[in-house]
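Visitor: Please find one structure pasted underneath; my questions will follow.
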Amino acid sequence: MRFTGVMNDIMCIRQFASIVNAVARLSKTCVLRITATHLYLIANEAGIVNSSPGLWAELDQGHFFNVFNMGGVSEENNEIFLEMEPDTLSKTLSSFTSTQTAARFLKIKLTKKHSPCLTLEVELPSLSVHARIVVHDVPVRPLPRRQWSLYQEPEMPQCDTSLYLPPLKQLRHVVERMKTQASHITLAGNRRGTLVLSMSTDTVTVSTYFRHLSMPTWDRDDGGREGEPEELRSATVDIKRLALFLTGEQIGPSKVICNIVEGRLIHMFLLHEDVTLQYFLPAATNVY
Amino acid sequence: MPLFSQQDKDKENYQFKAKTDNAKNVLQILRTVNFRDTATVILSQSGLKVTVEEAKCVQANAFIQTDLFQEYEIEEELLTFRINLTAWVECLNIFGGSSVPGITPSLKMYYAGYGSPLILELEEGGVVTDCKINTEEAEDTLDFDFFTTGVVNKIIMRSECLKEVFSELDMSSDVLEIITSPDPPYFRLSTFGSHGPNHADITKESEMIENFSCTKTLSQRYKLALLRPMVKPLTAATKVSVRTDARGFLCLQFMIKTDNNHICFIEHFCCPDVEEND
């Protein structure tokens with residue numbers, strides 16, 4: 001197994017750091033899957049639905065890396081699966097990406113020191129002629145082949161409602177205020193572009209209505225759904241998890257799709273040019 | 001879940017209706033008295049009065065006059081109920097700080113009378129929030145019998161200097177002693193903490209003082225913990241009036257200017273700290 005990648009563009013390094021940061025917030029451990037074309041960050045614990053991953057981030061290798069060199073376990077299985085703590089990687093990356101010490105390049109390499117590590121090498125600018133090279137080692141654990149099947153791409157759920165979310169900042173305010181009062185939130189949507197966020201406790205019931213949201217087109221050609229287009233389909237989820245997901249706006253997604261599977265699941269699909277991030281929030285049972 | 005619930009409500013049955021195009025003003029006032037979760041609300045022809053009490057020793061009253069609202073209708077003489085103030089504040093703040101300056105959420109409030117919830121409808125940029133806050137039966141609020149017993153000393157001042165004094169109080173002290181007097185030191189706030197006594201004096205000639213009318217020397221101690229809730233309205237206020245009566249009861253009245261220049265008043269009463277062997 002070998003892997004070496006070099007990023008030369010600070011914008012790419014920053015974007016990569018913000019994705020790792022988003023993953024770190026949502027999950028304690030994750031798996032970095034490296035293939036010839038893509039990098040994946042996968043976490044299982046976030047929400048187990050049919051034992052498929054709860055978090056799935058897909059990064060186009062060509063967008064991020066100027067040099068990319070990898071070799072998997074064998075010819076026919078040309079992939080690498082590394083388990084690690086995204087938090088350690090995120091902290092390392094954020095120290096490189098602050099405005100004062102913008103790195104000139106970032107080299108990521110799979111190495112074997114005392115144990116397997118992802119070695120991050122950066123060149124930081126300095127006032128003198130000699131640039132500083134900083135090396136960080138992030139411990140990783142290569143996953144054996146038999147565990148790979150746990151980290152396969154989750155299937156797109158057969159959703160009841162699919163909507164483009166309003167600006168995340170706006171949504172986050174509403175969710176944050178609801179979070180102070182309740183532990184669960186209900187998301188409901190219909191096929192007229194309405195999204196309702198609601199929560200209720202013994203003392204208070206709050207519902208926020210977003211109207212005239214646009215809808216992804218795949219919703220329309222699916223004949224499987226019955227019922228009136230006005231009918232609301234809802235799922236109730238843990239409000240803290242939703243709030244954590246919404247703070248991930250640093251990625252600056254161009255579009256976020258929210259898919260609701262009634263009573264079972266909320267599937268968030270974050271789209272950016274060369275990055276996609278999927279997050280599955282399982283519905284809470286026995287809330288009311 | 002009814003989708004267009006806010007449209008098919010029968011608004012004729014409400015005993016109280018109020019509407020403002022800036023919910024933040026109401027929020028600003030309510031926040032200053034939110035040191036406890038529960039409040040007693042009195043709705044009347046002149047406006048809203050929100051009362052919060054603690055330990056039967058402190059009472060804060062916030063008055064929101066009808067002129068803060070564009071529409072204000074009440075069918076009864078008086079309507080009273082108890083409500084979760086924290087929930088009310090959180091609901092009013094649901095849109096948070098707007099990203100676009102100048103856009104403020106509008107607010108409508110409805111109350112159908114005894115036993116029904118307080119209904120809030122907030123709207124900002126096409127996004128609508130409905131809130132229903134359950135109400136409880138009102139309990140009697142404390143009557144400090146302050147104004148009938150006669151105010152002895154009264155000082156009206158700009159709030160800045162009192163704000164400064166409060167922010168530098170020695171919190172290791174249990175009590176705050178307030179001396180008001182026609183003679184020096186005129187107006188003194190003292191703490192007795194682990195580092196020794198500390199006095200802050202404001203003379204009656206100070207530029208901060210607008211009106212100084214003290215007839216007797218009064219020295220009284222108050223539990224510092226009970227005065228803590230006054231810091232919030234003090235920071236929001238432009239003017240403050242300090243009054244004490246013959247029994248040593250303290251009344252602070254804060255004048256708060258909202259964003260659109262409406263004036264609201266917050267009133268704080270506090271019992272003196274009397275030692276048992278006195």
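Chain labels follow the order of the structure tokens: the first chain is A, the next B, and so on; residue numbering restarts at 1 in every chain, and ligands are counted from 1 in their shown order.
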Could you make a table, as a Markdown table, of the residues of chain B that have an atom within 10 Å of an atom of chain A, each with its nearest atom pair and distance in Å to one decimal, counting only C-alpha atoms, in chain and number order?

Guide:
| residue | atom | partner | partner_atom | distance |
| --- | --- | --- | --- | --- |
| B:Met1 | CA | A:Leu232 | CA | 7.7 |
| B:Pro2 | CA | A:Leu232 | CA | 8.9 |
| B:Leu3 | CA | A:Leu232 | CA | 7.7 |
| B:Phe4 | CA | A:Tyr209 | CA | 9.3 |
| B:Ile83 | CA | A:Thr203 | CA | 8.5 |
| B:Asn84 | CA | A:Thr203 | CA | 7.2 |
| B:Thr86 | CA | A:Gln181 | CA | 9.0 |
| B:Ala87 | CA | A:Val204 | CA | 6.9 |
| B:Trp88 | CA | A:Val204 | CA | 8.6 |
| B:Val89 | CA | A:Arg177 | CA | 9.7 |
| B:Glu90 | CA | A:Arg177 | CA | 6.0 |
| B:Cys91 | CA | A:Arg177 | CA | 7.4 |
| B:Leu92 | CA | A:Arg177 | CA | 9.5 |
| B:Asn93 | CA | A:Arg177 | CA | 7.2 |
| B:Ile94 | CA | A:Val174 | CA | 5.2 |
| B:Phe95 | CA | A:Val174 | CA | 5.8 |
| B:Gly96 | CA | A:His173 | CA | 5.6 |
| B:Gly97 | CA | A:His173 | CA | 8.1 |
| B:Ser98 | CA | A:Gln170 | CA | 8.1 |
| B:Ser99 | CA | A:Gln170 | CA | 8.1 |
| B:Pro117 | CA | A:Val204 | CA | 8.8 |
| B:Leu118 | CA | A:Val204 | CA | 9.4 |
| B:Ile119 | CA | A:Thr205 | CA | 9.5 |
| B:Leu120 | CA | A:Val206 | CA | 9.2 |
| B:Glu121 | CA | A:Thr208 | CA | 9.7 |
| B:Leu122 | CA | A:Thr208 | CA | 8.9 |
| B:Glu123 | CA | A:Thr208 | CA | 9.3 |
| B:Gly125 | CA | A:Phe210 | CA | 9.8 |
| B:Gly126 | CA | A:Phe210 | CA | 7.5 |
| B:Val127 | CA | A:Phe210 | CA | 5.1 |
| B:Val128 | CA | A:Tyr209 | CA | 5.1 |
| B:Thr129 | CA | A:Thr208 | CA | 4.0 |
| B:Asp130 | CA | A:Ser207 | CA | 5.1 |
| B:Cys131 | CA | A:Val206 | CA | 4.3 |
| B:Lys132 | CA | A:Thr205 | CA | 5.0 |
| B:Ile133 | CA | A:Val204 | CA | 4.3 |
| B:Asn134 | CA | A:Thr203 | CA | 5.2 |
| B:Thr135 | CA | A:Thr203 | CA | 7.9 |
| B:Glu136 | CA | A:Thr203 | CA | 9.7 |

Visitor: Please write the residues from the selection above to a file, keeping C-alpha atoms, as a PDB file, in the first residue's frame.

Guide:
ATOM      1  CA  MET B   1     -50.024  18.745  11.570  1.00  0.00           C
ATOM      2  CA  PRO B   2     -52.251  21.420  10.128  1.00  0.00           C
ATOM      3  CA  LEU B   3     -50.285  23.182   7.435  1.00  0.00           C
ATOM      4  CA  PHE B   4     -51.905  26.544   7.044  1.00  0.00           C
ATOM      5  CA  ILE B  83     -46.243  32.050  31.572  1.00  0.00           C
ATOM      6  CA  ASN B  84     -42.826  30.566  30.935  1.00  0.00           C
ATOM      7  CA  THR B  86     -37.775  31.887  28.961  1.00  0.00           C
ATOM      8  CA  ALA B  87     -39.866  30.142  26.320  1.00  0.00           C
ATOM      9  CA  TRP B  88     -41.405  33.465  25.362  1.00  0.00           C
ATOM     10  CA  VAL B  89     -37.988  35.074  24.954  1.00  0.00           C
ATOM     11  CA  GLU B  90     -36.644  32.120  22.955  1.00  0.00           C
ATOM     12  CA  CYS B  91     -39.659  32.240  20.640  1.00  0.00           C
ATOM     13  CA  LEU B  92     -39.280  35.966  20.023  1.00  0.00           C
ATOM     14  CA  ASN B  93     -35.638  35.371  19.200  1.00  0.00           C
ATOM     15  CA  ILE B  94     -36.272  32.517  16.795  1.00  0.00           C
ATOM     16  CA  PHE B  95     -34.957  34.345  13.743  1.00  0.00           C
ATOM     17  CA  GLY B  96     -31.894  35.470  15.678  1.00  0.00           C
ATOM     18  CA  GLY B  97     -29.748  38.273  14.374  1.00  0.00           C
ATOM     19  CA  SER B  98     -30.935  38.904  10.873  1.00  0.00           C
ATOM     20  CA  SER B  99     -28.262  38.680   8.210  1.00  0.00           C
ATOM     21  CA  PRO B 117     -52.256  29.567  25.333  1.00  0.00           C
ATOM     22  CA  LEU B 118     -50.525  32.765  24.324  1.00  0.00           C
ATOM     23  CA  ILE B 119     -50.106  32.618  20.568  1.00  0.00           C
ATOM     24  CA  LEU B 120     -47.235  34.326  18.815  1.00  0.00           C
ATOM     25  CA  GLU B 121     -46.890  34.722  15.083  1.00  0.00           C
ATOM     26  CA  LEU B 122     -43.556  35.916  13.834  1.00  0.00           C
ATOM     27  CA  GLU B 123     -42.694  36.621  10.243  1.00  0.00           C
ATOM     28  CA  GLY B 125     -38.715  37.594   4.946  1.00  0.00           C
ATOM     29  CA  GLY B 126     -41.563  35.220   4.123  1.00  0.00           C
ATOM     30  CA  VAL B 127     -40.644  32.712   6.802  1.00  0.00           C
ATOM     31  CA  VAL B 128     -43.395  32.290   9.370  1.00  0.00           C
ATOM     32  CA  THR B 129     -43.119  30.929  12.895  1.00  0.00           C
ATOM     33  CA  ASP B 130     -46.119  29.986  15.009  1.00  0.00           C
ATOM     34  CA  CYS B 131     -45.661  29.577  18.733  1.00  0.00           C
ATOM     35  CA  LYS B 132     -48.098  28.467  21.342  1.00  0.00           C
ATOM     36  CA  ILE B 133     -47.030  28.993  24.908  1.00  0.00           C
ATOM     37  CA  ASN B 134     -49.246  27.438  27.535  1.00  0.00           C
ATOM     38  CA  THR B 135     -50.438  29.688  30.284  1.00  0.00           C
ATOM     39  CA  GLU B 136     -51.175  28.964  33.912  1.00  0.00           C
TER      40      GLU B 136
END

Visitor: Pick out the residues sitting within 12 Å of Ile29 (chain B), and hand them over as a ChimeraX atom specification; count only C-alpha atoms, and ignore anything fewer than 2 positions along from it in its own chain.

Guide: /B:23-27,31-34,48-51,60-65,68,85,88-89,92,232-237,254-259,262-267

Visitor: For the selection just defined, write its residues with N, CA and C atoms to a file, as a short mmCIF file (atom, residue, chain, number, x, y, z; two decimals), in the first residue's frame.

Guide:
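Output saved as out-v5.cif:
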data_model
loop_
_atom_site.label_atom_id
_atom_site.label_comp_id
_atom_site.auth_asym_id
_atom_site.auth_seq_id
_atom_site.Cartn_x
_atom_site.Cartn_y
_atom_site.Cartn_z
N ALA B 23 -40.44 42.87 16.39
CA ALA B 23 -40.52 41.99 17.57
C ALA B 23 -39.35 42.22 18.51
N LYS B 24 -38.27 42.80 17.97
CA LYS B 24 -37.06 42.95 18.79
C LYS B 24 -37.25 43.87 19.97
N ASN B 25 -38.13 44.89 19.80
CA ASN B 25 -38.37 45.81 20.92
C ASN B 25 -38.96 45.07 22.11
N VAL B 26 -39.94 44.22 21.82
CA VAL B 26 -40.57 43.45 22.89
C VAL B 26 -39.54 42.51 23.50
N LEU B 27 -38.75 41.90 22.63
CA LEU B 27 -37.71 40.97 23.09
C LEU B 27 -36.72 41.66 24.02
N ARG B 31 -36.24 40.46 27.87
CA ARG B 31 -34.95 39.88 28.24
C ARG B 31 -34.41 40.45 29.54
N THR B 32 -34.65 41.73 29.76
CA THR B 32 -34.05 42.38 30.92
C THR B 32 -34.62 41.85 32.24
N VAL B 33 -35.82 41.26 32.18
CA VAL B 33 -36.39 40.74 33.44
C VAL B 33 -36.40 39.21 33.49
N ASN B 34 -35.69 38.60 32.54
CA ASN B 34 -35.73 37.14 32.45
C ASN B 34 -34.72 36.47 33.39
N LEU B 48 -48.86 46.02 28.46
CA LEU B 48 -48.49 44.76 29.10
C LEU B 48 -47.67 45.04 30.34
N LYS B 49 -47.90 44.29 31.39
CA LYS B 49 -47.03 44.36 32.54
C LYS B 49 -46.55 42.95 32.84
N VAL B 50 -45.26 42.77 32.84
CA VAL B 50 -44.68 41.45 33.09
C VAL B 50 -43.96 41.49 34.43
N THR B 51 -44.37 40.62 35.34
CA THR B 51 -43.81 40.63 36.69
C THR B 51 -43.04 39.35 36.96
N ALA B 60 -39.51 42.33 39.86
CA ALA B 60 -39.20 43.16 38.70
C ALA B 60 -40.46 43.28 37.87
N ASN B 61 -40.77 44.50 37.48
CA ASN B 61 -41.92 44.74 36.63
C ASN B 61 -41.45 45.40 35.34
N ALA B 62 -41.85 44.83 34.22
CA ALA B 62 -41.55 45.45 32.94
C ALA B 62 -42.87 45.94 32.35
N PHE B 63 -42.87 47.19 31.93
CA PHE B 63 -44.08 47.76 31.32
C PHE B 63 -43.85 47.97 29.84
N ILE B 64 -44.74 47.42 29.04
CA ILE B 64 -44.67 47.69 27.61
C ILE B 64 -45.96 48.41 27.24
N GLN B 65 -45.83 49.69 26.95
CA GLN B 65 -47.01 50.50 26.67
C GLN B 65 -47.62 50.16 25.31
N LEU B 68 -46.09 50.96 21.73
CA LEU B 68 -45.06 50.15 21.09
C LEU B 68 -45.67 49.27 19.98
N LEU B 85 -41.47 32.56 30.85
CA LEU B 85 -40.85 33.72 30.21
C LEU B 85 -39.68 33.33 29.33
N TRP B 88 -40.93 32.29 26.07
CA TRP B 88 -41.41 33.47 25.36
C TRP B 88 -40.24 34.19 24.70
N VAL B 89 -39.17 34.39 25.48
CA VAL B 89 -37.99 35.07 24.95
C VAL B 89 -37.35 34.28 23.82
N LEU B 92 -39.43 34.66 20.66
CA LEU B 92 -39.28 35.97 20.02
C LEU B 92 -37.94 36.08 19.31
N LYS B 232 -28.91 43.58 34.29
CA LYS B 232 -29.39 43.53 32.89
C LYS B 232 -30.19 44.77 32.49
N PRO B 233 -31.22 45.13 33.24
CA PRO B 233 -31.93 46.35 32.85
C PRO B 233 -31.05 47.58 32.95
N LEU B 234 -30.09 47.56 33.88
CA LEU B 234 -29.21 48.71 34.05
C LEU B 234 -28.36 48.93 32.80
N THR B 235 -27.88 47.84 32.22
CA THR B 235 -27.06 47.99 31.01
C THR B 235 -27.89 48.48 29.83
N ALA B 236 -29.18 48.17 29.83
CA ALA B 236 -30.02 48.59 28.71
C ALA B 236 -30.58 49.99 28.91
N ALA B 237 -30.52 50.49 30.15
CA ALA B 237 -31.22 51.73 30.47
C ALA B 237 -30.42 52.97 30.10
N PHE B 254 -35.90 51.85 35.83
CA PHE B 254 -35.02 52.02 34.68
C PHE B 254 -35.82 52.52 33.50
N MET B 255 -35.25 53.50 32.80
CA MET B 255 -35.90 53.98 31.59
C MET B 255 -35.12 53.43 30.40
N ILE B 256 -35.81 52.70 29.55
CA ILE B 256 -35.14 52.07 28.41
C ILE B 256 -35.71 52.62 27.13
N LYS B 257 -34.80 53.03 26.23
CA LYS B 257 -35.23 53.50 24.92
C LYS B 257 -35.08 52.36 23.93
N THR B 258 -36.16 52.00 23.25
CA THR B 258 -36.07 50.92 22.27
C THR B 258 -35.52 51.48 20.96
N ASP B 259 -35.30 50.59 19.99
CA ASP B 259 -34.70 50.99 18.71
C ASP B 259 -35.47 52.12 18.03
N HIS B 262 -39.15 54.38 21.41
CA HIS B 262 -40.21 54.29 22.39
C HIS B 262 -39.57 54.15 23.76
N ILE B 263 -40.27 54.66 24.75
CA ILE B 263 -39.70 54.59 26.08
C ILE B 263 -40.46 53.56 26.92
N CYS B 264 -39.71 52.65 27.52
CA CYS B 264 -40.33 51.63 28.37
C CYS B 264 -39.69 51.70 29.76
N PHE B 265 -40.44 51.27 30.73
CA PHE B 265 -39.93 51.32 32.10
C PHE B 265 -39.84 49.92 32.72
N ILE B 266 -38.77 49.72 33.46
CA ILE B 266 -38.60 48.50 34.24
C ILE B 266 -38.46 48.94 35.69
N GLU B 267 -39.10 48.23 36.58
CA GLU B 267 -39.10 48.62 37.98
C GLU B 267 -38.60 47.42 38.79
#

Visitor: Tell me, in Å to one decimal, how far CA of Cys12 (chain A) is from CA of Ala57 (chain A).

Guide: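 Between these atoms lies a distance of 15.6 Å.
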
Visitor: Write out as JSON, numbers by chain the set of residues from region 11-182 of chain A that DSSP, computed on the backbone, places in strand (DSSP E).

Guide: {"A": [30, 31, 32, 33, 34, 38, 39, 40, 41, 42, 43, 55, 56, 57, 58, 59, 60, 67, 68, 69, 70, 71, 80, 81, 82, 83, 84, 105, 106, 107, 108, 109, 110, 111, 112, 116, 117, 118, 119, 120, 121, 122, 123, 124, 132, 133, 134, 135, 136, 137, 138, 139, 141, 142, 161, 162, 163, 164]}

Visitor: For Pro144 (chain A), find every residue with an atom within 12 Å (counting only C-alpha atoms), except residues of its own chain fewer than 3 positions away, and show them as a tab-separated table (two decimals) with N, CA and C atoms, in the first residue's frame.

Guide:
chain	number	residue	atom	x	y	z
A	1	MET	N	0.84	-1.20	0.00
A	1	MET	CA	0.00	0.00	0.00
A	1	MET	C	0.88	1.24	0.00
A	72	GLY	N	-3.11	0.37	-4.11
A	72	GLY	CA	-3.92	-0.31	-3.10
A	72	GLY	C	-3.31	-1.63	-2.69
A	73	VAL	N	-4.10	-2.45	-2.04
A	73	VAL	CA	-3.60	-3.74	-1.55
A	73	VAL	C	-3.24	-4.68	-2.69
A	77	ASN	N	-8.00	-4.87	-6.25
A	77	ASN	CA	-8.58	-4.09	-5.16
A	77	ASN	C	-7.71	-2.87	-4.90
A	79	GLU	N	-7.52	-0.07	-3.61
A	79	GLU	CA	-8.08	0.89	-2.67
A	79	GLU	C	-7.38	0.78	-1.34
A	80	ILE	N	-7.47	1.86	-0.54
A	80	ILE	CA	-6.91	1.84	0.81
A	80	ILE	C	-7.99	2.31	1.77
A	81	PHE	N	-8.16	1.61	2.87
A	81	PHE	CA	-9.09	2.03	3.92
A	81	PHE	C	-8.30	2.28	5.20
A	82	LEU	N	-8.37	3.50	5.70
A	82	LEU	CA	-7.65	3.84	6.92
A	82	LEU	C	-8.61	4.37	7.97
A	83	GLU	N	-8.55	3.77	9.15
A	83	GLU	CA	-9.40	4.26	10.23
A	83	GLU	C	-8.61	5.28	11.05
A	141	ARG	N	-5.16	3.40	11.23
A	141	ARG	CA	-5.20	1.94	11.32
A	141	ARG	C	-5.74	1.40	10.00
A	147	GLN	N	-13.33	-6.06	6.32
A	147	GLN	CA	-14.16	-5.01	6.91
A	147	GLN	C	-14.60	-3.95	5.91
A	148	TRP	N	-14.10	-4.06	4.69
A	148	TRP	CA	-14.41	-3.03	3.71
A	148	TRP	C	-15.90	-2.92	3.43
A	149	SER	N	-16.54	-4.06	3.49
A	149	SER	CA	-17.95	-4.08	3.10
A	149	SER	C	-18.81	-3.19	4.01
A	150	LEU	N	-18.29	-2.90	5.22
A	150	LEU	CA	-19.05	-2.03	6.13
A	150	LEU	C	-19.07	-0.59	5.66
A	151	TYR	N	-18.15	-0.27	4.77
A	151	TYR	CA	-18.01	1.13	4.38
A	151	TYR	C	-18.33	1.34	2.90

Visitor: Got a sec to tell me which of region 35-174 of chain A DSSP assigns to helix (DSSP H, G or I), as a list in words?

Guide: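 Checking each residue of region 35-174 of chain A, the helix (DSSP H, G or I) ones are Gln61, Gly62, His63, Phe64, Pro86, Asp87, Thr88, Leu89, Ser90, Lys91, Thr92, Leu93, Ser94, Ser95, Phe96, Arg145, Arg146, Gln147, Trp148, Ser149, Leu150, Tyr151, Leu168, Lys169, Gln170, Leu171, Arg172, His173 and Val174 of chain A.
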
Visitor: The selected residues should be written to file as a PDB file, in the first residue's frame (atoms: C-alpha atoms).

Guide:
ATOM      1  CA  GLN A  61      -9.042  13.798  -6.041  1.00  0.00           C
ATOM      2  CA  GLY A  62      -8.255  15.834  -9.153  1.00  0.00           C
ATOM      3  CA  HIS A  63      -9.706  19.012  -7.677  1.00  0.00           C
ATOM      4  CA  PHE A  64      -7.627  18.893  -4.520  1.00  0.00           C
ATOM      5  CA  PRO A  86     -10.857  13.000  12.285  1.00  0.00           C
ATOM      6  CA  ASP A  87     -10.361  15.377  15.190  1.00  0.00           C
ATOM      7  CA  THR A  88      -6.575  14.897  15.217  1.00  0.00           C
ATOM      8  CA  LEU A  89      -6.382  15.426  11.480  1.00  0.00           C
ATOM      9  CA  SER A  90      -8.652  18.445  11.727  1.00  0.00           C
ATOM     10  CA  LYS A  91      -6.552  20.090  14.442  1.00  0.00           C
ATOM     11  CA  THR A  92      -3.395  19.551  12.426  1.00  0.00           C
ATOM     12  CA  LEU A  93      -4.951  20.997   9.300  1.00  0.00           C
ATOM     13  CA  SER A  94      -6.415  24.015  11.032  1.00  0.00           C
ATOM     14  CA  SER A  95      -2.983  24.991  12.326  1.00  0.00           C
ATOM     15  CA  PHE A  96      -1.802  25.190   8.699  1.00  0.00           C
ATOM     16  CA  ARG A 145     -10.295  -6.387   3.378  1.00  0.00           C
ATOM     17  CA  ARG A 146     -13.046  -8.238   5.223  1.00  0.00           C
ATOM     18  CA  GLN A 147     -14.165  -5.009   6.914  1.00  0.00           C
ATOM     19  CA  TRP A 148     -14.411  -3.028   3.709  1.00  0.00           C
ATOM     20  CA  SER A 149     -17.954  -4.078   3.099  1.00  0.00           C
ATOM     21  CA  LEU A 150     -19.050  -2.033   6.133  1.00  0.00           C
ATOM     22  CA  TYR A 151     -18.010   1.128   4.378  1.00  0.00           C
ATOM     23  CA  LEU A 168     -28.225  27.207   6.278  1.00  0.00           C
ATOM     24  CA  LYS A 169     -27.524  30.282   8.375  1.00  0.00           C
ATOM     25  CA  GLN A 170     -31.202  31.129   8.565  1.00  0.00           C
ATOM     26  CA  LEU A 171     -32.087  27.548   9.335  1.00  0.00           C
ATOM     27  CA  ARG A 172     -29.415  27.288  11.965  1.00  0.00           C
ATOM     28  CA  HIS A 173     -30.804  30.206  13.971  1.00  0.00           C
ATOM     29  CA  VAL A 174     -34.199  28.595  14.115  1.00  0.00           C
TER      30      VAL A 174
END

Visitor: Using only C-alpha atoms, which residues sit within 9 Å of Val261 (chain A) once same-chain residues fewer than 5 positions away are excluded, as number ranges by chain?

Guide: A: 157-161, 233-235, 266-267, 283

Visitor: I'd like to know which of B:Gly113, B:Gly248, B:Gly47, B:Pro105 is closest to Asn22 (chain B), using only C-alpha atoms.

Guide: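 Among the listed residues, the smallest separation from Asn22 (chain B) belongs to B:Pro105.
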
Visitor: Tell me which protein, DNA and RNA residues are within 6 Å of Gln15 (chain B), counting only C-alpha atoms, leaving out same-chain ones fewer than 2 positions away, and put them as a ChimeraX atom specification.

Guide: /B:74-75,112-113

Visitor: Report, in Å with one decimal, the straight-line distance from CA of Met215 (chain A) to CA of Leu187 (chain A).

Guide: 15.6 Å

Visitor: Name all residues at most 10 Å from Phe166 (chain B) (count only C-alpha atoms; drop same-chain ones fewer than 3 positions away) and give them as a list of chain:residue names.

Guide: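 Once the nearby chain positions are removed, what remains is B:Glu160, B:Cys161, B:Leu162, B:Lys163, B:Leu169, B:Asp170, B:Met171, B:Leu189, B:Ala200, B:Leu227, B:Arg228, B:Met230, B:Val231, B:Leu234, B:Thr235.
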
Visitor: Keeping C-alpha atoms, export the residues of the selection given above as a JSON list (two decimals), in the first residue's frame.

Guide:
[["chain", "number", "residue", "atom", "x", "y", "z"],
["B", 160, "GLU", "CA", -23.63, 55.00, 33.07],
["B", 161, "CYS", "CA", -22.00, 55.62, 36.41],
["B", 162, "LEU", "CA", -24.24, 53.23, 38.28],
["B", 163, "LYS", "CA", -23.47, 50.65, 35.61],
["B", 169, "LEU", "CA", -18.78, 45.35, 42.82],
["B", 170, "ASP", "CA", -16.85, 42.98, 45.07],
["B", 171, "MET", "CA", -18.82, 39.80, 44.61],
["B", 189, "LEU", "CA", -22.56, 52.06, 47.73],
["B", 200, "ALA", "CA", -18.20, 54.04, 45.85],
["B", 227, "LEU", "CA", -29.58, 42.82, 43.35],
["B", 228, "ARG", "CA", -27.82, 40.86, 40.63],
["B", 230, "MET", "CA", -30.76, 44.53, 38.16],
["B", 231, "VAL", "CA", -27.59, 44.49, 36.11],
["B", 234, "LEU", "CA", -29.21, 48.71, 34.05],
["B", 235, "THR", "CA", -27.06, 47.99, 31.01]]

Visitor: Report the distance between CA of Leu213 (chain A) and CA of Gly193 (chain A) in Å, rounded to one decimal place.

Guide: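 Pair CA of Leu213 (chain A) / CA of Gly193 (chain A) returns 4.5 Å.
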
Visitor: Fewer than 4 positions away in the same chain doesn't count, so skip those; otherwise give me all residues within 7 Å of Thr203 (chain B), counting only C-alpha atoms, as a PDB file with N, CA and C atoms, in the first residue's frame.

Guide:
ATOM      1  N   PRO B 185     -21.820  61.464  52.726  1.00  0.00           N
ATOM      2  CA  PRO B 185     -21.357  61.241  51.346  1.00  0.00           C
ATOM      3  C   PRO B 185     -22.470  61.220  50.296  1.00  0.00           C
ATOM      4  N   TYR B 186     -23.627  61.747  50.574  1.00  0.00           N
ATOM      5  CA  TYR B 186     -24.752  61.836  49.635  1.00  0.00           C
ATOM      6  C   TYR B 186     -25.275  60.480  49.168  1.00  0.00           C
ATOM      7  N   PHE B 187     -24.464  59.826  48.306  1.00  0.00           N
ATOM      8  CA  PHE B 187     -24.927  58.545  47.753  1.00  0.00           C
ATOM      9  C   PHE B 187     -23.739  57.591  47.759  1.00  0.00           C
TER      10      PHE B 187
END
